[in-house]
$ cat query.txt   # compact mmCIF, C-alpha atoms
# COMPACT_ATOMS: atom_id res chain seq x y z
CA MET K 1 18.25 -59.73 23.07
CA LEU K 2 16.79 -58.59 26.35
CA ASN K 3 18.69 -55.35 26.18
CA GLU K 4 17.80 -54.85 22.53
CA ARG K 5 14.16 -55.60 23.28
CA SER K 6 14.24 -53.19 26.18
CA SER K 7 15.80 -50.49 23.99
CA THR K 8 13.16 -51.02 21.32
CA GLN K 9 10.44 -50.91 23.91
CA ARG K 10 11.89 -47.76 25.42
CA ALA K 11 12.07 -46.09 21.99
CA SER K 12 8.53 -47.12 21.22
CA TRP K 13 7.39 -45.83 24.59
CA PHE K 14 9.19 -42.48 24.03
CA VAL K 15 7.61 -42.02 20.59
CA SER K 16 4.21 -42.87 22.01
CA VAL K 17 4.60 -40.40 24.87
CA PHE K 18 5.91 -37.65 22.55
CA ALA K 19 3.06 -38.15 20.09
CA THR K 20 0.56 -38.09 22.92
CA ALA K 21 2.10 -34.86 24.24
CA CYS K 22 1.90 -33.26 20.81
CA LEU K 23 -1.71 -34.30 20.44
CA LEU K 24 -2.46 -32.90 23.88
CA LEU K 25 -0.70 -29.65 23.01
CA VAL K 26 -2.59 -29.31 19.73
CA SER K 27 -5.86 -30.20 21.36
CA THR K 28 -5.12 -27.80 24.21
CA ASN K 29 -4.28 -24.99 21.75
CA ALA K 30 -7.39 -25.84 19.76
CA ALA K 31 -9.43 -25.72 22.94
CA ILE K 32 -7.88 -22.35 23.84
CA ALA K 33 -8.53 -21.05 20.33
CA ALA K 34 -12.07 -22.31 20.53
CA ASP K 35 -12.49 -20.40 23.80
CA VAL K 36 -11.47 -17.11 22.15
CA PRO K 37 -14.49 -15.02 21.07
CA ASP K 38 -14.89 -14.43 17.35
CA PHE K 39 -14.14 -10.71 17.65
CA MET K 40 -10.69 -11.59 19.11
CA LYS K 41 -9.61 -13.86 16.27
CA ILE K 42 -8.56 -10.96 14.08
CA VAL K 43 -5.76 -10.13 16.52
CA THR K 44 -5.00 -13.60 17.91
CA VAL K 45 -1.59 -15.15 17.23
CA GLY K 46 -1.89 -18.40 15.35
CA GLU K 47 -4.94 -17.47 13.34
CA GLY K 48 -4.41 -17.67 9.59
CA PRO K 49 -1.48 -19.04 7.59
CA PRO K 50 2.07 -18.82 9.00
CA THR K 51 4.34 -15.98 7.91
CA PRO K 52 6.10 -16.97 4.66
CA LYS K 53 9.86 -17.35 4.89
CA ASP K 54 10.41 -14.84 2.09
CA LYS K 55 8.46 -12.22 4.06
CA ILE K 56 10.74 -12.76 7.06
CA ALA K 57 13.79 -12.55 4.84
CA PHE K 58 12.53 -9.35 3.23
CA ASP K 59 11.92 -7.77 6.65
CA ASN K 60 15.46 -8.70 7.72
CA ILE K 61 16.96 -7.05 4.65
CA TYR K 62 14.72 -3.96 4.67
CA ALA K 63 15.54 -3.44 8.34
CA LEU K 64 18.88 -2.12 7.09
CA ASN K 65 17.07 0.81 5.50
CA GLU K 66 15.01 1.44 8.62
CA GLY K 67 18.17 1.36 10.71
CA MET K 68 19.75 3.97 8.48
CA PHE K 69 17.45 6.78 9.63
CA PRO K 70 18.65 7.22 13.24
CA ILE K 71 22.25 7.11 11.98
CA TYR K 72 21.45 9.69 9.31
CA GLU K 73 19.67 11.99 11.77
CA LYS K 74 22.58 11.85 14.21
CA THR K 75 25.20 12.70 11.59
CA LEU K 76 22.93 15.38 10.13
CA ALA K 77 23.02 17.20 13.48
CA ILE K 78 26.82 16.96 13.49
CA PHE K 79 27.07 18.27 9.90
CA ARG K 80 24.72 21.11 10.82
CA GLU K 81 26.94 22.31 13.66
CA HIS K 82 30.08 22.03 11.55
CA PHE K 83 28.51 24.09 8.75
CA LYS K 84 27.30 26.82 11.12
CA GLN K 85 30.84 27.16 12.49
CA ARG K 86 32.34 27.66 9.03
CA HIS K 87 29.90 29.40 6.66
CA PRO K 88 27.46 32.32 6.75
CA LEU K 89 23.98 31.53 5.46
CA ILE K 90 21.16 33.82 4.29
CA MET K 91 17.68 32.36 4.48
CA ALA K 92 14.97 34.17 2.48
CA LEU K 93 11.58 32.74 3.39
CA PHE K 94 8.12 33.54 2.10
CA GLY K 95 5.78 35.03 4.67
CA GLY K 96 2.66 37.14 5.02
CA LYS K 97 4.67 40.27 5.78
CA GLY K 98 6.61 40.20 2.53
CA GLY K 99 9.15 37.57 3.48
CA ARG K 100 11.64 36.81 6.22
CA PHE K 101 15.37 37.33 5.74
CA ILE K 102 17.60 35.70 8.37
CA LEU K 103 21.39 35.90 8.44
CA TYR K 104 23.32 33.14 10.18
CA ARG K 105 26.99 33.93 10.94
CA PRO K 106 29.60 31.78 12.70
CA GLY K 107 29.88 32.85 16.32
CA HIS K 108 26.75 35.06 16.24
CA GLU K 109 23.07 34.70 17.02
CA PRO K 110 20.80 34.67 13.95
CA LEU K 111 20.01 38.17 12.69
CA GLU K 112 16.50 38.68 11.30
CA ALA K 113 15.82 41.78 9.21
CA GLU K 114 12.80 44.01 9.61
CA SER K 115 9.79 43.33 7.39
CA PRO K 116 8.96 45.43 4.29
CA PRO K 117 6.91 48.64 4.76
CA ALA K 118 3.27 48.27 5.77
CA VAL K 119 2.02 49.40 2.34
CA TYR K 120 3.12 45.99 1.03
CA ARG K 121 0.69 44.19 3.33
CA MET K 122 -2.12 46.67 2.75
CA ALA K 123 -1.88 46.42 -1.04
CA LYS K 124 -1.69 42.64 -0.83
CA SER K 125 -4.63 42.50 1.59
CA VAL K 126 -6.92 44.55 -0.66
CA GLY K 127 -5.91 42.50 -3.70
CA HIS K 128 -6.69 39.29 -1.86
CA CYS K 129 -9.99 40.77 -0.71
CA ALA K 130 -11.04 41.17 -4.34
CA MET K 131 -10.25 37.51 -4.98
CA ALA K 132 -12.01 36.37 -1.79
CA THR K 133 -15.16 38.23 -2.86
CA TYR K 134 -15.11 36.31 -6.13
CA ASP K 135 -14.70 33.06 -4.17
CA LEU K 136 -17.83 33.89 -2.16
CA VAL K 137 -20.03 33.76 -5.27
CA ALA K 138 -18.16 31.48 -7.69
CA PRO K 139 -19.51 28.16 -6.29
CA TYR K 140 -23.09 29.41 -6.77
CA ALA K 141 -22.74 31.02 -10.20
CA ALA K 142 -24.53 28.19 -12.03
CA ASP K 143 -27.91 28.96 -10.42
CA GLY K 144 -27.43 32.71 -10.07
CA GLY K 145 -27.04 32.51 -6.32
CA ALA K 146 -30.47 30.94 -5.75
CA ASP K 147 -28.81 28.86 -3.04
CA LEU K 148 -28.39 31.63 -0.47
CA ALA K 149 -25.59 29.86 1.40
CA TRP K 150 -23.27 32.68 0.24
CA LEU K 151 -25.40 35.56 1.52
CA GLY K 152 -24.63 35.52 5.24
CA GLU K 153 -20.91 35.16 4.69
CA MET K 154 -20.88 38.02 2.20
CA GLN K 155 -22.78 40.26 4.61
CA ALA K 156 -20.24 39.50 7.34
CA TYR K 157 -17.24 40.06 5.04
CA ARG K 158 -18.79 43.32 3.79
CA VAL K 159 -18.53 44.72 7.32
CA ARG K 160 -14.78 44.10 7.21
CA VAL K 161 -14.45 45.71 3.78
CA LYS K 162 -16.35 48.83 4.87
CA THR K 163 -14.31 49.08 8.08
CA ALA K 164 -11.07 48.82 6.08
CA MET K 165 -12.15 51.56 3.68
CA ASP K 166 -13.12 53.86 6.57
CA SER K 167 -9.67 53.29 8.11
CA LEU K 168 -7.68 54.45 5.08
CA ASP K 169 -7.41 58.05 6.24
CA SER K 170 -5.72 56.95 9.47
CA VAL K 171 -2.78 55.10 7.92
CA ASP K 172 0.49 56.56 6.67
CA LEU K 173 0.30 56.28 2.89
CA LYS K 174 1.23 58.23 -0.18
CA PRO K 175 -1.87 60.05 -1.52
CA GLU K 176 -1.79 58.05 -4.76
CA ASP K 177 -1.55 54.74 -2.89
CA ARG K 178 -4.42 55.69 -0.60
CA ALA K 179 -6.56 56.64 -3.60
CA LEU K 180 -5.78 53.29 -5.27
CA LEU K 181 -6.73 51.28 -2.18
CA HIS K 182 -9.91 53.31 -1.79
CA ASP K 183 -10.99 52.77 -5.39
CA ALA K 184 -10.42 49.03 -5.21
CA LEU K 185 -12.41 48.73 -1.96
CA ARG K 186 -15.17 50.92 -3.44
CA GLN K 187 -15.59 48.53 -6.34
CA ILE K 188 -15.64 45.52 -4.05
CA LEU K 189 -18.34 47.12 -1.90
CA ALA K 190 -20.41 48.07 -4.95
CA PHE K 191 -20.42 44.49 -6.19
CA MET K 192 -21.29 43.17 -2.73
CA ASP K 193 -24.12 45.65 -2.28
CA LYS K 194 -25.65 44.71 -5.62
CA CYS K 195 -25.54 40.99 -4.82
CA ILE K 196 -26.93 41.48 -1.31
CA ALA K 197 -29.72 43.79 -2.44
CA ASN K 198 -30.85 41.45 -5.24
CA LYS K 199 -30.12 38.26 -3.26
CA SER K 200 -28.83 36.98 -6.57
CA PHE K 201 -26.20 37.57 -9.25
CA THR K 202 -25.37 36.45 -12.77
CA TYR K 203 -22.15 35.37 -14.37
CA ALA K 204 -22.27 38.64 -16.31
CA ASP K 205 -22.29 40.49 -12.95
CA ILE K 206 -19.20 38.53 -11.80
CA GLU K 207 -17.34 39.16 -15.05
CA ALA K 208 -18.19 42.89 -15.02
CA TYR K 209 -16.86 43.10 -11.46
CA ALA K 210 -13.64 41.33 -12.45
CA ARG K 211 -13.08 43.47 -15.57
CA GLY K 212 -13.74 46.67 -13.64
CA ILE K 213 -11.33 45.99 -10.77
CA GLU K 214 -8.56 44.30 -12.79
CA PRO K 215 -6.68 47.56 -13.58
CA ASP K 216 -6.57 48.38 -9.87
CA LEU K 217 -5.29 44.89 -9.07
CA ALA K 218 -2.43 45.29 -11.54
CA LYS K 219 -1.50 48.60 -9.89
CA LEU K 220 -1.69 47.03 -6.43
CA ILE K 221 0.78 44.35 -7.57
CA GLY K 222 3.13 47.12 -8.65
CA VAL K 223 2.85 48.94 -5.31
CA ALA K 224 3.42 45.78 -3.26
CA SER K 225 6.30 44.53 -5.42
CA SER K 226 8.12 47.87 -5.36
CA ALA K 227 7.87 48.10 -1.59
CA GLN K 228 8.99 44.50 -1.07
CA VAL K 229 11.89 44.43 -3.53
CA GLY K 230 13.17 47.89 -2.60
CA HIS K 231 13.25 46.93 1.07
CA TRP K 232 15.12 43.65 0.57
CA TYR K 233 17.62 45.27 -1.78
CA LYS K 234 18.67 47.57 1.07
CA VAL K 235 18.90 44.66 3.51
CA MET K 236 21.07 42.61 1.15
CA GLU K 237 23.37 45.55 0.47
CA GLN K 238 23.90 46.02 4.21
CA TRP K 239 24.53 42.33 4.82
CA LYS K 240 26.95 41.97 1.94
CA GLN K 241 28.95 44.91 3.28
CA MET K 242 28.80 43.46 6.81
CA LEU K 243 30.12 40.05 5.69
CA GLY K 244 33.00 41.52 3.70
CA ASN K 245 35.43 38.81 2.57
CA ASP K 246 33.16 36.11 4.02
CA TRP K 247 30.69 36.82 1.21
CA ASP K 248 32.58 34.52 -1.17
CA HIS K 249 31.76 31.46 0.93
CA THR K 250 28.28 32.54 2.02
CA TYR K 251 25.34 30.30 1.09
CA ALA K 252 21.72 31.34 0.55
CA LEU K 253 18.41 29.63 0.06
CA SER K 254 14.76 30.41 -0.45
CA ASN K 255 11.58 28.35 -0.47
CA SER K 256 8.80 28.03 -3.01
CA ILE K 257 5.53 26.26 -3.68
CA TYR K 258 4.37 25.49 -7.21
CA VAL K 259 2.47 28.72 -7.84
CA ALA K 260 5.38 30.87 -6.62
CA ARG K 261 8.12 28.97 -8.45
CA GLN K 262 8.19 30.81 -11.78
CA ASN K 263 9.71 34.28 -11.30
CA ASN K 264 10.18 33.65 -7.59
CA ILE K 265 10.72 37.14 -6.15
CA LEU K 266 12.99 36.30 -3.23
CA PHE K 267 15.17 33.84 -5.12
CA SER K 268 15.47 36.23 -8.07
CA LEU K 269 16.52 38.99 -5.69
CA LEU K 270 19.21 36.78 -4.15
CA VAL K 271 20.61 36.04 -7.61
CA GLN K 272 21.21 39.76 -8.16
CA PHE K 273 23.74 39.65 -5.31
CA PHE K 274 25.18 36.14 -5.71
CA GLY K 275 25.37 35.97 -9.51
CA VAL K 276 24.32 33.27 -11.96
CA GLU K 277 27.35 31.12 -11.16
CA ALA K 278 26.01 30.59 -7.62
CA ILE K 279 22.64 29.17 -8.78
CA ASN K 280 22.29 25.53 -7.67
CA ASP K 281 25.71 25.77 -6.03
CA ARG K 282 25.75 28.23 -3.12
CA LEU K 283 22.26 29.52 -3.91
CA LEU K 284 19.39 27.02 -3.65
CA LEU K 285 15.63 27.09 -4.16
CA LEU K 286 13.87 24.50 -1.99
CA GLU K 287 10.37 23.40 -2.97
CA THR K 288 8.00 23.22 -0.02
CA THR K 289 4.33 22.35 0.43
CA ASP K 290 3.29 25.62 2.12
CA PHE K 291 3.97 29.30 1.53
CA THR K 292 5.55 29.49 4.96
CA ALA K 293 8.28 27.14 6.19
CA THR K 294 10.06 27.18 9.54
CA PRO K 295 13.73 28.16 9.56
CA ASP K 296 14.56 24.90 11.33
CA ASP K 297 12.92 22.78 8.63
CA MET K 298 14.66 24.79 5.92
CA MET K 299 18.00 24.44 7.69
CA ASN K 300 17.67 20.67 7.97
CA ALA K 301 16.72 20.32 4.31
CA PHE K 302 19.63 22.55 3.31
CA ILE K 303 22.17 20.63 5.42
CA ARG K 304 20.98 17.34 3.90
CA ILE K 305 21.83 18.69 0.45
CA ILE K 306 25.22 20.11 1.44
CA SER K 307 26.32 17.06 3.45
CA ASP K 308 25.23 14.64 0.72
CA ARG K 309 27.50 16.42 -1.73
CA THR K 310 30.53 15.10 0.14
CA LEU K 311 29.01 11.62 -0.01
CA GLY K 312 28.68 11.98 -3.79
CA GLN K 313 32.32 12.96 -4.08
CA VAL K 314 33.51 10.06 -1.92
CA PHE K 315 31.43 7.35 -3.60
CA TYR K 316 31.05 8.60 -7.17
CA LYS K 317 33.77 11.24 -7.53
CA ASN K 318 31.20 13.95 -8.29
CA TYR K 319 30.41 16.68 -5.77
CA ARG K 320 27.02 17.57 -7.24
CA LEU K 321 25.66 14.13 -8.16
CA MET K 322 23.66 13.76 -4.94
CA ASP K 323 21.72 16.95 -5.70
CA TYR K 324 19.67 14.67 -7.96
CA GLU K 325 17.67 11.50 -7.43
CA LEU K 326 20.09 8.59 -7.82
CA LEU K 327 17.37 6.31 -9.17
CA GLY K 328 16.56 8.92 -11.80
CA GLY K 329 19.26 7.75 -14.21
CA GLY K 330 18.11 4.16 -13.97
CA GLY K 331 14.52 5.36 -14.15
CA ARG K 332 15.17 7.12 -17.45
CA LYS K 333 16.61 3.94 -18.95
CA ALA K 334 13.70 1.91 -17.61
CA ILE K 335 11.16 4.34 -19.12
CA GLU K 336 12.98 4.22 -22.46
CA ALA K 337 13.02 0.41 -22.36
CA GLU K 338 9.32 0.15 -21.48
CA ALA K 339 8.39 2.68 -24.16
CA ALA K 340 10.44 0.79 -26.74
CA LYS K 341 8.64 -2.47 -25.88
CA ARG K 342 5.40 -0.73 -26.82
CA GLY K 343 6.78 0.90 -29.95
CA LEU K 344 6.67 4.36 -28.39
CA LYS K 345 9.20 7.17 -28.08
CA ALA K 346 9.98 8.05 -24.49
CA ILE K 347 9.24 11.68 -23.53
CA LEU K 348 12.03 12.82 -21.21
CA PRO K 349 13.88 16.06 -20.45
CA SER K 350 17.34 16.61 -21.85
CA LEU K 351 20.26 15.40 -19.78
CA VAL K 352 22.18 18.36 -18.38
CA PRO K 353 25.41 18.40 -16.33
CA PHE K 354 25.03 17.98 -12.58
CA ASN K 355 26.80 21.32 -12.04
CA SER K 356 24.38 23.32 -14.21
CA HIS K 357 23.81 26.94 -13.17
CA GLU K 358 20.49 27.27 -14.99
CA TRP K 359 17.57 28.89 -13.26
CA PRO K 360 15.48 26.28 -11.42
CA TRP K 361 12.36 26.98 -13.51
CA LYS K 362 11.20 27.34 -17.12
CA THR K 363 13.45 29.65 -19.13
CA ASP K 364 12.98 28.57 -22.78
CA PRO K 365 10.56 31.00 -24.52
CA SER K 366 9.98 28.51 -27.33
CA SER K 367 8.66 25.81 -24.98
CA GLY K 368 5.09 27.16 -25.09
CA THR K 369 2.74 29.68 -26.62
CA GLY K 370 0.63 32.55 -25.33
CA PRO K 371 1.21 35.38 -22.85
CA ALA K 372 4.11 35.22 -20.41
CA SER K 373 3.18 38.16 -18.15
CA LEU K 374 0.18 40.10 -16.93
CA GLU K 375 1.05 42.87 -19.40
CA ASP K 376 1.08 40.35 -22.27
CA ILE K 377 -2.53 39.40 -21.56
CA HIS K 378 -3.60 42.89 -22.64

$ encode --input "query.txt" --output "C-alpha cells"
Amino acid sequence: MLNERSSTQRASWFVSVFATACLLLVSTNAAIAADVPDFMKIVTVGEGPPTPKDKIAFDNIYALNEGMFPIYEKTLAIFREHFKQRHPLIMALFGGKGGRFILYRPGHEPLEAESPPAVYRMAKSVGHCAMATYDLVAPYAADGGADLAWLGEMQAYRVRVKTAMDSLDSVDLKPEDRALLHDALRQILAFMDKCIANKSFTYADIEAYARGIEPDLAKLIGVASSAQVGHWYKVMEQWKQMLGNDWDHTYALSNSIYVARQNNILFSLLVQFFGVEAINDRLLLLETTDFTATPDDMMNAFIRIISDRTLGQVFYKNYRLMDYELLGGGGRKAIEAEAAKRGLKAILPSLVPFNSHEWPWKTDPSSGTGPASLEDIH
C-alpha cells in the first residue's frame, strides 16, 4: 500500500509539475507575444491559425514539381551539346537590319551571315517615320490638337526628318529608290509644317496625309522586301551547297510575334529550301514576345522541343506528341463536358495528326471574309 500510495503520489506530482510547466510556457510565450510591437505581429511566428495539415501535404507533393526544374535544366544542357555535335542548325531571327541568319555546324564556330543591303533599312525607316508622325497627333485628334502636348515633340522629330531628306544625295541608292524616299519624306514634312504652323489639325488633315502617302508606303514595302528576300535567298543557296549531304539532317527555326506570324517572311523563305514536308518537323516557327530574340534563348527553346520528342516516344510511343500541350486533350474533353452541361456546343478546332506538315498559321481562305493583302484593299 505504501509503495502504491507513493507511486500514486509521484504520478500526481509529475502531472502537477508538467501542467505547471505548460502553463508557465504558455504564459511566457504570451508574455513574449505581448511584448512584440503591433507592427511586428504580421511577420511573427505563432500569430494566426496553425498551418492546415492539407496545406503541408500539398506542399510536400508539389515539391516534386519544383524539384523537377533543376533536373530538367541539367539534362537540357546535356541534350544541347549532343545535338550540336550531330546536326547542323540554321537560325533565322527577326532583327532591325532585316534579320539575322546564323549557321551552327558540328565542329565549327557559329557562322553569321551579313545583313541585307542598306536600302532595306532606309526604306523601312522612312515607312516607320510616316507611322510615327501619325502617332504624334492621333492621341489629340478628338480636340483638333488644342492640347499642345504634341507640338514640341513634332518640332523635334521634324528636325530629324529634314536632316534625313537632306542626306539622301549622299547615300548609294538607285535613282528610283532615292526619288521614292524623297517623295515620302516630302509629304511627311508638309504635314508636319501645316500642323506646326496652325498649332492645330483636324481628322480630315490626318486622313488626307494618310491617303496621300499610302502609295509611297506600298512601294517602300516592295523595295524593302525585295532587298531582304533577295539577300537571304543567296545566303541560303550558299549554305545549302556548303552543307552538302548534311542538308538532309539539318534543322532550322525562326521566331515570330503575333503581328509577324501570318506570312512570316523568314519562315516562308526557309520553307522554299526545306520543303513542306519539313514544316513542324525539322523546320519550326517559335512564337516569342518580342521582335528580337537572343540566339541562346532560341536555342534553349528549340532543344526543349527536340529533346521532349524522345520523351514522347518512350512514354507514349509517339515522337511528335510532346510538340503539343499534354493537358490539351483532356482540356478539350473538359470544355465539351462543361458546354454540354449548359446545353451549348463546344467551339474547338479540328483534331489534326501530331505529325501534320501544315503551315503554322491561317491557310483556309473560307475561314473569313474581306481583303487578304494590301493589294486587295484597293

$ atom_distance --input "query.txt" --atom1 "CA of Ile303 (chain K)" --atom2 "CA of Thr288 (chain K)"
15.4 Å

$ residues_around --input "query.txt" --residues "region 349-363 of chain K" --least-positions-apart "2" --cutoff "9 Å" --atoms "only C-alpha atoms" --output "ChimeraX atom specification"
/K:261-263,276-281,284-285,318-324,347,365-367

$ closest_atom_pairs --input "query.txt" --of "region 32-138 of chain K" --to "region 170-177 of chain K" --cutoff "12 Å" --atoms "all atoms listed in the file" --output "CSV"
residue,atom,partner,partner_atom,distance
K:Pro117,CA,K:Leu173,CA,10.3
K:Ala118,CA,K:Asp172,CA,8.8
K:Val119,CA,K:Leu173,CA,7.1
K:Tyr120,CA,K:Asp177,CA,10.7
K:Met122,CA,K:Asp177,CA,9.9
K:Ala123,CA,K:Asp177,CA,8.5
K:Val126,CA,K:Asp177,CA,11.7

$ atom_distance --input "query.txt" --atom1 "CA of His82 (chain K)" --atom2 "CA of Asp297 (chain K)"
17.4 Å

$ atom_distance --input "query.txt" --atom1 "CA of Leu76 (chain K)" --atom2 "CA of Met298 (chain K)"
13.2 Å

$ closest_atom_pairs --input "query.txt" --of "region 152-262 of chain K" --to "region 143-147 of chain K" --cutoff "8 Å" --atoms "all atoms listed in the file" --output "Markdown table"
| residue | atom | partner | partner_atom | distance |
| --- | --- | --- | --- | --- |
| K:Lys199 | CA | K:Gly145 | CA | 7.2 |
| K:Ser200 | CA | K:Gly145 | CA | 4.8 |
| K:Phe201 | CA | K:Gly144 | CA | 5.1 |
| K:Thr202 | CA | K:Gly144 | CA | 5.1 |
| K:Tyr203 | CA | K:Gly144 | CA | 7.3 |

$ residues_around --input "query.txt" --residues "region 128-142 of chain K" --least-positions-apart "6" --cutoff "8 Å" --atoms "only C-alpha atoms" --output "list in words"
Trp150, Glu153, Met154, Ala184, Ile188, Met192, Phe201, Thr202, Tyr203 and Ile206 of chain K

$ residues_around --input "query.txt" --residues "region 373-378 of chain K" --least-positions-apart "3" --cutoff "12 Å" --atoms "only C-alpha atoms" --output "JSON, numbers by chain"
{"K": [211, 214, 215, 217, 218, 219, 221, 222, 262, 263, 369, 370]}

$ residues_near_point --input "query.txt" --point "(16.1, 36.7, 7.7)" --cutoff "9 Å" --atoms "all atoms listed in the file" --output "list in words"
Ile90, Met91, Ala92, Leu93, Gly99, Arg100, Phe101, Ile102, Leu103, Tyr104, Pro110, Leu111, Glu112, Ala113 and Glu114 of chain K

$ closest_residue --input "query.txt" --among "K:Phe291, K:Phe274, K:Phe267, K:Tyr251" --to "Phe83 (chain K)" --atoms "all atoms listed in the file"
K:Tyr251
